[in-house]
Amino acid sequence: MVGLSSFGLCLILLLPTSAIAAGGQLRHNFYESSCPSAESVVRLIVEDFYRYDHSVVAGLIRLFFHDCFVRLSRKGCDGSILLDETPSGEPVEKASPGNVGLNGEQVIDVANSFLERLCPGTVSCADILAFASRDAAVVFGIPSYPVAGGRRDGTDSRAEQVGLELPKPFFDAERQTEMFEKKGFSQREMVVLAGAHSIGGAHCSSFQYRLYNHSAGRALDPYIKRTYALHLKQRCPVAGALYSLQPVNPGMKVGFGEEVGQRLDGSYYGGLLRGEGLLESDQALVKERTTRQLVRNMSKHPRKWAQEFAQAMEKLGKVDVLTGDEGEVRKVCRFVN
């Protein structure tokens, strides 16, 4: 459990000065009057968790992406990924196979608990997640960037929607591009956001077929570097017959960028050019001419990539949000009010 010693004196000073901010649009400094310390509280909690467990903080970016990309009733970035249950009783998003291994919810829980004490019923869970994902990117190396607030929390969450909305780990560049374009993102922005796969990781089940049974007559994916494949086989050994291989350690997770260290510094793109993309969807970006050129460009210009990553994340946080009187502000992020 994180000690949160950073807050010992700070909490005495962090007091709200007025009621909930009005307005039906996202805007910067949204909580300036209603809960002026909101973003600072979230940042300190993210930094505190980072000192204890980098993987938890890395998970916040994936959590945010999945929340915004899965749209329910044509709404995204509504904190629906955080719900443990809904009044309908349907399986929620986090129960979907596409959300296996989600991490970072504990950071949101702690921030939600602190902010409910400071400014009851004021800061939405969707905004907490948006702020936390920004702060996670910053501790991993991205220059800080502003995040608008004013999102409201959704009351719906359906596991069945996840498989329809999220890119699969085996998608080629064309299918990924089509999916991002439907959400309003260019192919360049798609490749920029893929750089988040410098941190976090994936379960062996997401990529082991690339090592042992990639396609008819070919066990190993020809686009994966052989020395990297040997490393992955050591991490993800299997047993059984050729067409019924089973992982020895089903829960094993391999980190993105293990070879170069987990930082959001553009090294992901160099790894792709060397054949060290963990997921087939990552490595697919160098198979197609236009995305390969983007990968090369971002590999050569990491500072420019970092700026574009911040811009793409800010844009992601504005995808079909609930604002104004829509939705609610949850008291506990895991449950509707």
# chains A, B, ... in the order shown; residues from 1 in each chain; ligands from 1

call {"tool": "residues_around", "arguments": {"residues": "A:Ser55", "least_positions_apart": "6", "cutoff": "9 Å", "atoms": "only C-alpha atoms", "output": "JSON, numbers by chain"}}
result
{"A": [103, 104, 199, 200, 201]}

call {"tool": "write_last_selection", "arguments": {"atoms": "all heavy atoms", "output": "JSON list (two decimals), in the first residue's frame"}}
result
[["chain", "number", "residue", "atom", "x", "y", "z"],
["A", 103, "ASN", "N", -4.25, -2.17, -15.44],
["A", 103, "ASN", "CA", -3.55, -1.77, -14.22],
["A", 103, "ASN", "C", -3.74, -0.27, -14.02],
["A", 103, "ASN", "O", -4.03, 0.46, -14.97],
["A", 103, "ASN", "CB", -2.06, -2.10, -14.34],
["A", 103, "ASN", "CG", -1.40, -2.33, -13.01],
["A", 103, "ASN", "OD1", -1.99, -2.07, -11.96],
["A", 103, "ASN", "ND2", -0.16, -2.81, -13.02],
["A", 104, "GLY", "N", -3.61, 0.18, -12.81],
["A", 104, "GLY", "CA", -3.69, 1.60, -12.52],
["A", 104, "GLY", "C", -4.95, 2.04, -11.81],
["A", 104, "GLY", "O", -5.05, 3.19, -11.36],
["A", 199, "ILE", "N", 6.24, 1.57, -22.65],
["A", 199, "ILE", "CA", 6.09, 1.24, -21.23],
["A", 199, "ILE", "C", 4.93, 0.26, -21.06],
["A", 199, "ILE", "O", 4.13, 0.06, -21.96],
["A", 199, "ILE", "CB", 5.85, 2.50, -20.37],
["A", 199, "ILE", "CG1", 4.58, 3.23, -20.82],
["A", 199, "ILE", "CG2", 7.06, 3.43, -20.44],
["A", 199, "ILE", "CD1", 4.21, 4.43, -19.95],
["A", 200, "GLY", "N", 4.85, -0.35, -19.88],
["A", 200, "GLY", "CA", 3.82, -1.37, -19.66],
["A", 200, "GLY", "C", 4.29, -2.68, -20.29],
["A", 200, "GLY", "O", 5.48, -2.95, -20.42],
["A", 201, "GLY", "N", 3.35, -3.52, -20.67],
["A", 201, "GLY", "CA", 3.71, -4.81, -21.23],
["A", 201, "GLY", "C", 2.50, -5.56, -21.74],
["A", 201, "GLY", "O", 1.39, -5.03, -21.79]]

call {"tool": "residues_around", "arguments": {"residues": "stretch 23-37 of chain A", "least_positions_apart": "5", "cutoff": "12 Å", "atoms": "only C-alpha atoms", "output": "ChimeraX atom specification"}}
result
/A:7,10-18,42-44,77,111,114-124,126-128,130-131,145-152,314-315,317-327

call {"tool": "closest_residue", "arguments": {"among": "A:Glu47, A:Glu181, A:Glu174, A:Asp265", "to": "A:Thr291", "atoms": "only C-alpha atoms"}}
result
A:Glu174

call {"tool": "residues_around", "arguments": {"residues": "A:Ala306", "least_positions_apart": "6", "cutoff": "12 Å", "atoms": "only C-alpha atoms", "output": "NGL selection string"}}
result
:A and (137-138 or 140-145 or 189 or 192-196 or 263-268 or 298-300 or 312-313)

call {"tool": "closest_atom_pairs", "arguments": {"of": "stretch 167-187 of chain A", "to": "stretch 93-101 of chain A", "cutoff": "12 Å", "atoms": "only C-alpha atoms", "output": "tab-separated table"}}
result
residue	atom	partner	partner_atom	distance
A:Pro167	CA	A:Gly98	CA	9.1
A:Lys168	CA	A:Gly98	CA	8.1
A:Pro169	CA	A:Gly98	CA	9.6

call {"tool": "write_last_selection", "arguments": {"atoms": "all heavy atoms", "output": "compact mmCIF listing (two decimals), in the first residue's frame"}}
result
# COMPACT_ATOMS: atom_id res chain seq x y z
N PRO A 167 -8.41 -1.89 -31.08
CA PRO A 167 -7.55 -2.60 -32.04
C PRO A 167 -7.06 -3.91 -31.43
O PRO A 167 -6.80 -4.00 -30.24
CB PRO A 167 -6.39 -1.63 -32.25
CG PRO A 167 -6.89 -0.30 -31.80
CD PRO A 167 -7.87 -0.58 -30.70
N LYS A 168 -6.93 -4.93 -32.26
CA LYS A 168 -6.45 -6.23 -31.82
C LYS A 168 -4.93 -6.31 -31.97
O LYS A 168 -4.35 -5.65 -32.83
CB LYS A 168 -7.10 -7.35 -32.64
CG LYS A 168 -8.62 -7.36 -32.63
CD LYS A 168 -9.18 -7.72 -31.27
CE LYS A 168 -10.67 -8.05 -31.33
NZ LYS A 168 -11.49 -6.91 -31.82
N PRO A 169 -4.26 -7.13 -31.15
CA PRO A 169 -2.79 -7.20 -31.22
C PRO A 169 -2.25 -7.82 -32.50
O PRO A 169 -1.05 -7.77 -32.74
CB PRO A 169 -2.43 -8.06 -30.00
CG PRO A 169 -3.66 -8.82 -29.67
CD PRO A 169 -4.81 -7.93 -30.04

call {"tool": "residues_around", "arguments": {"residues": "A:Leu230", "least_positions_apart": "5", "cutoff": "9 Å", "atoms": "only C-alpha atoms", "output": "list of chain:residue names"}}
result
A:Leu211, A:Lys225, A:Arg235

call {"tool": "closest_residue", "arguments": {"among": "A:Asp67, A:Glu178, A:Asp109, A:Asp135", "to": "A:Ala159", "atoms": "only C-alpha atoms"}}
result
A:Asp67

call {"tool": "select_by_dssp", "arguments": {"residues": "stretch 133-322 of chain A", "states": "strand (DSSP E)", "output": "compact mmCIF listing (two decimals) with C-alpha atoms, in the first residue's frame"}}
result
# COMPACT_ATOMS: atom_id res chain seq x y z
CA GLY A 201 3.71 -4.81 -21.23
CA ALA A 202 1.64 -7.64 -22.67
CA HIS A 203 0.75 -11.16 -21.61
CA VAL A 238 5.22 -23.47 -24.03
CA ALA A 239 4.42 -27.15 -23.81
CA GLN A 246 -0.02 -23.94 -24.10
CA PRO A 247 2.00 -21.41 -22.11
CA LYS A 253 3.71 -10.64 -18.66
CA VAL A 254 6.57 -9.28 -20.74
CA GLY A 255 7.42 -5.61 -20.67

call {"tool": "select_by_dssp", "arguments": {"residues": "stretch 55-282 of chain A", "states": "alpha helix (DSSP H)", "output": "PyMOL selection string"}}
result
chain A and resi 55-69+105-118+125-139+159-165+173-182+187-194+209-212+226-235+267-273+280-282

call {"tool": "residues_around", "arguments": {"residues": "A:Leu63", "least_positions_apart": "2", "cutoff": "10 Å", "atoms": "only C-alpha atoms", "output": "PyMOL selection string"}}
result
chain A and resi 58-61+65-68+79+81-82+94+99+102-105+129-130+133

call {"tool": "atom_distance", "arguments": {"atom1": "atom CA of A:Glu288", "atom2": "atom CA of A:Phe185"}}
result
18.1 Å

call {"tool": "residues_around", "arguments": {"residues": "A:Arg158", "least_positions_apart": "4", "cutoff": "7 Å", "atoms": "only C-alpha atoms", "output": "PyMOL selection string"}}
result
chain A and resi 90-93

call {"tool": "residues_around", "arguments": {"residues": "A:Gln208", "least_positions_apart": "6", "cutoff": "9 Å", "atoms": "only C-alpha atoms", "output": "list in words"}}
result
His214, Leu232, Lys233, Cys236, Pro237, Val238 and Pro247 of chain A
